[in-house]
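Peer 1: The following block contains the structure, expressed as structure tokens.
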Amino acid sequence: MKQIWRTTGGAVVLAAGATGAFGGEITVYCQDIAVGCAALGPVVESFEAANPGDKVILETVNYQTILESLPIQLESGSGPDAAIITDMSGLTRYYLDLSPYAEDAAALRADYEPLLAWLRGKDPDSAAINGIPLSMTVNGAYVNATLFEQAEVDMPAEGASWEDWAAATRKVADATGVPFPMEFDRSGHRFASLAISYGAQLVDADGRPVVDEGLKAAIEQFVQWHEDGTMPMDLWGAVGGSAHRELFSDFVNAETVFYFGGSWTIGQMDAEVDDLFDWRVVPTPCGPSSCTAMPGGSALAGFNTSDNPELTGRFLTYLAQPEQIAKIDIHAKELPTSQTLIQQGLDYPDASEKTQEALDVFLAQVPKMADTAYRFQGWSYQRAMMNAMTTRISQVLNDELDVEDALMRIKQDVETAIQAAEG
Amino acid sequence: MPARLDVAEIGHQIITLPARAMEPLMAGLQRLVGIKRMPWVFLLPNLVAVLLFCLLPVFINIVFSLTGSDRLYPAERPFVGTANYDILLACQNYLDPASCKADLFWRAVQNSMIFVPIQVVGMVTVSTIAALCLNRSLPGRGFFRGVFFFPVMLSPVVVAYTWQWILQRNGALNGILSWAGLPGSNWLADPQSAFFWAIFVTIWAHMGFYTVIILAGLQAIPKDVYEAAKMDSASNWRTFTAITLPLLKPIMLVVFVLCIIRSVQTFDELYVLTGGGPGSATMLIVQYIYEVGFAVQPRNFGLAASASLLLGLVLILFTAVQMLLSRKSNNG
């Protein structure tokens with residue numbers, strides 16, 4: 001009798017294995033905007049269809065969870081198997097190197113350089129494939145063109161400075177009764193665009209924080225815009241600490257003429273503003289040093305804490321194929337990262353004419369980006385610098401610090417963070 | 001009658017069943033450890049729980065405060081001695097946060113030292129007034145008791161978002177003021193008004209809890225004492241100061257201590273409502289600990305642990321004072 005049970009049991013296990021009924025399951029954290037769960041959905045479906053028994057669970061989480069909870073989960077070994085992340089260089093030690101799971105690792109590397117370097121943290125020249133860059137993002141300015149028309153003010157042309165834009169939007173706001181000429185997301189990443197265009201280095205070649213005249217000039221200009229009412233206090237003034245805050249609703253409700261956000265909100269802009277008014281993306285304003293925006297992006301990284309690294313690796317390398325990544329970027333209306341797709345060009349059949357134009361403007365900013373911006377984006381302690389800038393600038397706006405003290409504190413905060421991280 | 005006795009007997013048998021089942025085991029245990037040590041055997045389960053969930057975390061916190069790096073596991077963290085405390089305590093003048101290395105920590109301490117007394121006095125006063133009102137035989141008294149207690153049941157995040165919606169530039173409060181022809185304000189963008197609203201919102205959110213405690217205290221005061229005061233023609237104020245307040249003293253002491261501890265620990269509502277801003281105007285100690293340990297990258301667990309231990313010492317001090325006052329109160 002025992003022998004019969006053993007034989008039957010063995011047969012069931014073998015049969016189930018052959019049909020993939022014992023396939024693995026992995027969890028992926030993603031957001032519900034831009035390149036998020038909705039964009040990954042079709043790729044997951046095709047992966048599961050091609051690999052019966054394997055299951056990829058997409059868990060929708062908010063940005064704060066990715067920024068604050070995910071690193072703690074990973075450190076304690078209890079995080080998801082993979083996640084779409086934006087702090088590419090800050091989580092390096094948890095990444096799963098995908099090289100062993102790729103059919104042609106060299107080709108994959110070639111297709112995604114140089115963004116793979118951002119995922120390598122302090123060792124940008126290594127051969128590790130620490131994730132799949134999903135989208136390239138660019139900071140940029142959205143403008144309410146209808147308000148310009150109503151105010152009969154000419155929109156500044158390409159190459160116009162930040163001061164030109166501030167002056168023009170003030171005129172528009174005065175003429176139309178809009179409360180605020182300009183708004184900036186409360187984000188160190190957004191501020192870095194302004195700072196680098198004013199000549200700030202932010203980080204040197206040795207990976208140490210730099211606080212210089214460029215950063216000082218940018219902070220002074222930024223503070224002045226808050227003092228003269230060009231920008232509202234609600235974002236940078238009213239909030240403390242390192243909290244990320246944005247008031248996209250102000251642009252949608254035509255309460256600001258100029259909104260400095262980024263390419264990731266194009267889809268939202270198109271859906272929510274639609275034809276309420278004529279909106280445009282304009283070339284990044286120039287500072288004394290450059291007309292740079294900040295590059296950024298998101299990547300899908302697998303984690304070495306995964307219970308199922310083999311499936312995680314297989315899913316990520318499947319997703320890295322240009323035809324799969326194209327599905328994601330088209331769905332999210334994002335700029336591609338794969339060299340194959342960049343060379344081929346990507347059509348967005350669902351995108352409106354306005355969205356297509358906006359994507360073209362964002363794409364045109366890429367060659368103008370300063371080397372400093374790329375270096376800052378790939379710096380392991382970029383987030384420490386961005387948090388320090390956000391916190392300290394808010395203190396300057398509330399007269400808790402003067403600009404000199406703020407610069408000293410920014411440097412001290414980052415050095416303390418580096419010291420803490422490196423023991 | 002006999003049937004009722006049977007039911008009682010059955011009930012007794014059921015209730016004592018576990019004790020009877022354990023009796024041989026306990027008898028054996030008593031023979032093994034001796035009757036004098038038996039109380040420790042009964043205390044053991046609770047002692048294990050206290051050890052695991054209270055003392056062990058404190059010990060881990062101490063270890064974190066004496067070690068560096070952003071690693072989570074103590075074994076991977078290098079020993080740095082008192083370096084974290086040195087950063088927190090490096091100050092030329094403790095009354096001037098700008099002269100301190102960890103200036104935000106001292107701003108948070110300073111804010112807490114202003115926030116806690118105002119919030120506690122406000123909370124106890126408002127809760128006492130509410131309890132006195134609810135103790136009277138008013139129409140709809142049950143409904144109003146529910147209304148006062150309702151915010152306590154809300155998640156702090158819901159409370160904060162609700163008030164953010166009311167107080168923001170285009171919020172409900174400014175809408176009402178505009179409708180009434182009065183000027184509005186950017187309530188959360190000005191340090192003074194943001195601080196006021198931080199106190200107001202936390203009192204609104206928690207006063208129901210303290211109101212219930214004080215109400216229970218009021219209802220425990222014998223009615224005949226008030227009747228005697230009435231016969232002596234004592235005024236309402238005299239009755240309140242000479243009877244109600246003295247008899248409420250033990251309850252008020254508990255309320256004060258609970259309120260102080262809760263006030264020092266304030267975090268969630270303010271983190272969502274103001275993020276500690278404008279600038280650092282509403283940043284309290286727990287938010288500083290959260291920012292340093294969890295919100296920023298790389299995470300400075302050592303500094304956060306040191307700050308939380310210092311906060312713990314302050315709370316121990318408050319508890320000791322409460323125990324002292326409580327003992328004095330009991331002695332007469």
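Labels for the structure tokens follow display order: chains A, B, ..., residues from 1 in each chain, ligands from 1.
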Go through chain A residue by residue and, counting only C-alpha atoms, keep those with an atom at most 7 Å from chain B; for each kept residue give the shortest atom pair and its distance in Å to one decimal, ordered by chain and increasing number, as CSV.

Peer 2:
```
residue,atom,partner,partner_atom,distance
A:Glu68,CA,B:Ala295,CA,5.4
A:Glu75,CA,B:Leu72,CA,6.1
A:Ser76,CA,B:Leu72,CA,6.8
A:Met233,CA,B:Ala189,CA,6.1
A:Asp234,CA,B:Ala189,CA,5.9
A:Gly237,CA,B:Pro278,CA,5.6
A:Ala238,CA,B:Ala189,CA,4.1
A:Val239,CA,B:Gly277,CA,4.2
A:Gly240,CA,B:Gly277,CA,3.6
A:Gly241,CA,B:Gly276,CA,6.2
A:Ala243,CA,B:Gly275,CA,6.4
A:Arg383,CA,B:Gln297,CA,5.8
A:Ala384,CA,B:Gln297,CA,5.5
A:Asn387,CA,B:Val296,CA,6.7
A:Ser394,CA,B:Gly279,CA,4.8
A:Gln395,CA,B:Gly279,CA,4.1
A:Asn398,CA,B:Gly279,CA,5.6
A:Ala417,CA,B:Pro298,CA,6.0
A:Ala420,CA,B:Ser69,CA,4.7
A:Ala421,CA,B:Ser69,CA,4.4
A:Glu422,CA,B:Ser69,CA,5.6
A:Gly423,CA,B:Ser69,CA,4.2
```

Peer 1: What parts of segment 255-388 of chain A does DSSP call strand (DSSP E)? I'd like the answer as a PyMOL selection string.

Peer 2: chain A and resi 256-262+279-282+295-302

Peer 1: Mind writing the picked residues with N, CA and C atoms as a PDB file, in the first residue's frame?

Peer 2:
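The resulting again_31.pdb:
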```pdb
ATOM      1  N   THR A 256      -1.420  79.012 -11.617  1.00  0.00           N
ATOM      2  CA  THR A 256      -0.035  79.392 -11.858  1.00  0.00           C
ATOM      3  C   THR A 256       0.216  79.391 -13.362  1.00  0.00           C
ATOM      4  N   VAL A 257       1.116  80.268 -13.784  1.00  0.00           N
ATOM      5  CA  VAL A 257       1.381  80.395 -15.221  1.00  0.00           C
ATOM      6  C   VAL A 257       2.420  79.364 -15.661  1.00  0.00           C
ATOM      7  N   PHE A 258       3.371  79.078 -14.769  1.00  0.00           N
ATOM      8  CA  PHE A 258       4.542  78.281 -15.106  1.00  0.00           C
ATOM      9  C   PHE A 258       4.713  77.234 -14.006  1.00  0.00           C
ATOM     10  N   TYR A 259       4.810  75.978 -14.391  1.00  0.00           N
ATOM     11  CA  TYR A 259       4.925  74.907 -13.394  1.00  0.00           C
ATOM     12  C   TYR A 259       6.140  74.066 -13.716  1.00  0.00           C
ATOM     13  N   PHE A 260       7.102  74.013 -12.788  1.00  0.00           N
ATOM     14  CA  PHE A 260       8.321  73.250 -13.059  1.00  0.00           C
ATOM     15  C   PHE A 260       8.214  71.860 -12.449  1.00  0.00           C
ATOM     16  N   GLY A 261       7.945  70.904 -13.314  1.00  0.00           N
ATOM     17  CA  GLY A 261       7.798  69.507 -12.885  1.00  0.00           C
ATOM     18  C   GLY A 261       8.710  68.637 -13.721  1.00  0.00           C
ATOM     19  N   GLY A 262       8.108  67.732 -14.473  1.00  0.00           N
ATOM     20  CA  GLY A 262       8.947  66.869 -15.290  1.00  0.00           C
ATOM     21  C   GLY A 262       8.149  66.060 -16.285  1.00  0.00           C
ATOM     22  N   TRP A 279      -1.802  74.150 -23.015  1.00  0.00           N
ATOM     23  CA  TRP A 279      -0.563  74.013 -22.229  1.00  0.00           C
ATOM     24  C   TRP A 279       0.569  73.567 -23.140  1.00  0.00           C
ATOM     25  N   ARG A 280       1.771  73.940 -22.755  1.00  0.00           N
ATOM     26  CA  ARG A 280       2.946  73.562 -23.539  1.00  0.00           C
ATOM     27  C   ARG A 280       4.115  73.242 -22.623  1.00  0.00           C
ATOM     28  N   VAL A 281       5.004  72.412 -23.139  1.00  0.00           N
ATOM     29  CA  VAL A 281       6.287  72.228 -22.467  1.00  0.00           C
ATOM     30  C   VAL A 281       7.260  73.143 -23.184  1.00  0.00           C
ATOM     31  N   VAL A 282       8.026  73.926 -22.426  1.00  0.00           N
ATOM     32  CA  VAL A 282       8.955  74.870 -23.071  1.00  0.00           C
ATOM     33  C   VAL A 282      10.395  74.441 -22.778  1.00  0.00           C
ATOM     34  N   PRO A 295      18.505  65.075 -15.537  1.00  0.00           N
ATOM     35  CA  PRO A 295      18.016  63.794 -16.037  1.00  0.00           C
ATOM     36  C   PRO A 295      17.515  62.957 -14.869  1.00  0.00           C
ATOM     37  N   GLY A 296      16.751  61.997 -15.172  1.00  0.00           N
ATOM     38  CA  GLY A 296      16.281  61.087 -14.126  1.00  0.00           C
ATOM     39  C   GLY A 296      15.672  59.889 -14.803  1.00  0.00           C
ATOM     40  N   GLY A 297      14.957  59.158 -14.072  1.00  0.00           N
ATOM     41  CA  GLY A 297      14.311  58.023 -14.698  1.00  0.00           C
ATOM     42  C   GLY A 297      13.925  57.009 -13.669  1.00  0.00           C
ATOM     43  N   SER A 298      13.365  55.955 -14.182  1.00  0.00           N
ATOM     44  CA  SER A 298      12.992  54.882 -13.279  1.00  0.00           C
ATOM     45  C   SER A 298      13.569  53.587 -13.832  1.00  0.00           C
ATOM     46  N   ALA A 299      13.807  52.673 -12.927  1.00  0.00           N
ATOM     47  CA  ALA A 299      14.334  51.376 -13.347  1.00  0.00           C
ATOM     48  C   ALA A 299      13.599  50.299 -12.570  1.00  0.00           C
ATOM     49  N   LEU A 300      13.503  49.143 -13.187  1.00  0.00           N
ATOM     50  CA  LEU A 300      12.955  47.999 -12.464  1.00  0.00           C
ATOM     51  C   LEU A 300      14.144  47.199 -11.961  1.00  0.00           C
ATOM     52  N   ALA A 301      14.303  47.192 -10.641  1.00  0.00           N
ATOM     53  CA  ALA A 301      15.446  46.482 -10.062  1.00  0.00           C
ATOM     54  C   ALA A 301      14.970  45.248  -9.322  1.00  0.00           C
ATOM     55  N   GLY A 302      15.703  44.158  -9.500  1.00  0.00           N
ATOM     56  CA  GLY A 302      15.443  42.956  -8.702  1.00  0.00           C
ATOM     57  C   GLY A 302      16.322  43.050  -7.464  1.00  0.00           C
TER      58      GLY A 302
END
```

Peer 1: What lies within 12 Å of segment 223-227 of chain A using only C-alpha atoms, ignoring chain neighbours under 4 positions off, as number ranges by chain?

Peer 2: A: 162-163, 165-167, 169-170, 180-184, 191, 216-219, 231-238, 392-399, 401-403, 406; B: 189

Peer 1: Keeping N, CA and C atoms for every residue in the selection just given, could you write it to a file as a compact mmCIF listing (two decimals), in the first residue's frame?

Peer 2:
```txt
# COMPACT_ATOMS: atom_id res chain seq x y z
N TRP A 162 16.18 82.22 -16.73
CA TRP A 162 15.19 82.07 -15.65
C TRP A 162 14.58 83.43 -15.31
N GLU A 163 15.41 84.46 -15.29
CA GLU A 163 14.90 85.80 -14.96
C GLU A 163 13.91 86.28 -16.03
N TRP A 165 11.94 84.42 -17.80
CA TRP A 165 10.69 83.69 -17.57
C TRP A 165 9.94 84.25 -16.36
N ALA A 166 10.72 84.56 -15.31
CA ALA A 166 10.08 85.11 -14.10
C ALA A 166 9.40 86.44 -14.44
N ALA A 167 10.10 87.28 -15.21
CA ALA A 167 9.54 88.60 -15.56
C ALA A 167 8.29 88.42 -16.42
N THR A 169 6.25 85.77 -16.73
CA THR A 169 5.12 85.15 -16.03
C THR A 169 4.51 86.12 -15.00
N ARG A 170 5.34 87.00 -14.45
CA ARG A 170 4.80 88.02 -13.53
C ARG A 170 3.85 88.94 -14.29
N PHE A 180 -0.22 83.11 -8.86
CA PHE A 180 1.23 82.87 -8.81
C PHE A 180 1.84 82.71 -10.20
N PRO A 181 2.87 83.50 -10.48
CA PRO A 181 3.53 83.37 -11.78
C PRO A 181 4.22 82.02 -11.98
N MET A 182 4.97 81.56 -10.94
CA MET A 182 5.75 80.32 -11.11
C MET A 182 5.59 79.40 -9.91
N GLU A 183 5.67 78.09 -10.18
CA GLU A 183 5.69 77.10 -9.09
C GLU A 183 6.72 76.03 -9.38
N PHE A 184 7.36 75.59 -8.34
CA PHE A 184 8.39 74.55 -8.40
C PHE A 184 7.96 73.42 -7.47
N PHE A 191 15.10 71.47 -7.84
CA PHE A 191 15.95 72.61 -7.52
C PHE A 191 17.34 72.44 -8.14
N LYS A 216 24.96 79.14 -4.16
CA LYS A 216 24.57 80.32 -3.38
C LYS A 216 23.68 81.24 -4.23
N ALA A 217 24.13 81.48 -5.48
CA ALA A 217 23.35 82.38 -6.36
C ALA A 217 21.96 81.80 -6.63
N ALA A 218 21.89 80.48 -6.82
CA ALA A 218 20.59 79.85 -7.10
C ALA A 218 19.65 79.97 -5.90
N ILE A 219 20.20 79.74 -4.70
CA ILE A 219 19.34 79.85 -3.50
C ILE A 219 18.87 81.29 -3.33
N MET A 231 6.70 83.11 -6.53
CA MET A 231 6.36 81.73 -6.17
C MET A 231 5.57 81.71 -4.87
N PRO A 232 4.66 80.75 -4.71
CA PRO A 232 3.88 80.68 -3.46
C PRO A 232 4.70 80.05 -2.34
N MET A 233 4.37 80.40 -1.11
CA MET A 233 5.05 79.80 0.04
C MET A 233 4.54 78.39 0.33
N ASP A 234 3.41 78.03 -0.28
CA ASP A 234 2.75 76.76 0.06
C ASP A 234 3.64 75.53 -0.09
N LEU A 235 4.53 75.55 -1.07
CA LEU A 235 5.32 74.36 -1.33
C LEU A 235 6.63 74.36 -0.54
N TRP A 236 7.53 75.26 -0.89
CA TRP A 236 8.84 75.28 -0.24
C TRP A 236 8.79 76.00 1.10
N GLY A 237 7.87 76.91 1.27
CA GLY A 237 7.84 77.68 2.50
C GLY A 237 7.06 77.01 3.60
N ALA A 238 5.94 76.40 3.26
CA ALA A 238 5.02 75.91 4.29
C ALA A 238 5.38 74.55 4.84
N ARG A 392 17.00 72.89 4.14
CA ARG A 392 17.66 74.15 4.49
C ARG A 392 17.08 75.35 3.73
N ILE A 393 16.69 75.13 2.47
CA ILE A 393 16.09 76.26 1.73
C ILE A 393 14.78 76.67 2.39
N SER A 394 14.00 75.70 2.84
CA SER A 394 12.75 76.04 3.54
C SER A 394 13.03 76.85 4.80
N GLN A 395 14.14 76.53 5.46
CA GLN A 395 14.49 77.31 6.66
C GLN A 395 14.88 78.73 6.30
N VAL A 396 15.59 78.89 5.17
CA VAL A 396 15.95 80.25 4.73
C VAL A 396 14.68 81.04 4.42
N LEU A 397 13.71 80.38 3.77
CA LEU A 397 12.47 81.06 3.41
C LEU A 397 11.69 81.52 4.64
N ASN A 398 11.94 80.84 5.77
CA ASN A 398 11.23 81.21 7.00
C ASN A 398 12.12 81.95 7.99
N ASP A 399 13.22 82.52 7.47
CA ASP A 399 14.12 83.34 8.27
C ASP A 399 14.76 82.59 9.44
N LEU A 401 17.41 80.63 8.91
CA LEU A 401 18.82 80.62 8.53
C LEU A 401 19.03 81.70 7.47
N ASP A 402 20.28 82.21 7.37
CA ASP A 402 20.57 83.03 6.19
C ASP A 402 21.24 82.12 5.16
N VAL A 403 21.46 82.65 3.97
CA VAL A 403 21.94 81.78 2.89
C VAL A 403 23.31 81.18 3.22
N ALA A 406 22.85 78.38 5.55
CA ALA A 406 22.20 77.26 4.86
C ALA A 406 23.24 76.46 4.07
N ALA B 189 1.31 78.42 6.12
CA ALA B 189 2.57 78.94 5.57
C ALA B 189 3.23 79.94 6.50
```

Peer 1: If you count only C-alpha atoms, which residues fall within 12 Å of segment 56-58 of chain B, apart from same-chain ones fewer than 4 positions away, as an MDAnalysis selection string?

Peer 2: chainID B and resid 47:52 62:65 305:306 308:310 312:313

Peer 1: Atom CA of Tyr112 of chain A to atom CA of Leu98 of chain A: how many Å, to one decimal?

Peer 2: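 Computing it gives 12.9 Å between the two atoms.
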
Peer 1: With a distance cut-off of 7 Å and only C-alpha atoms, select the neighbouring residues of segment 145-151 of chain B, excluding the residue or stretch itself and same-chain residues fewer than 5 positions from it, and output the selection as a VMD selection string.

Peer 2: chain B and resid 134 205 to 206 208 to 209

Peer 1: Taking the DSSP secondary structure from the backbone, can you list the residues of segment 73-167 of chain B that are alpha helix (DSSP H), as an MDAnalysis selection string?

Peer 2: chainID B and resid 83:89 103:135 141:153 156:167
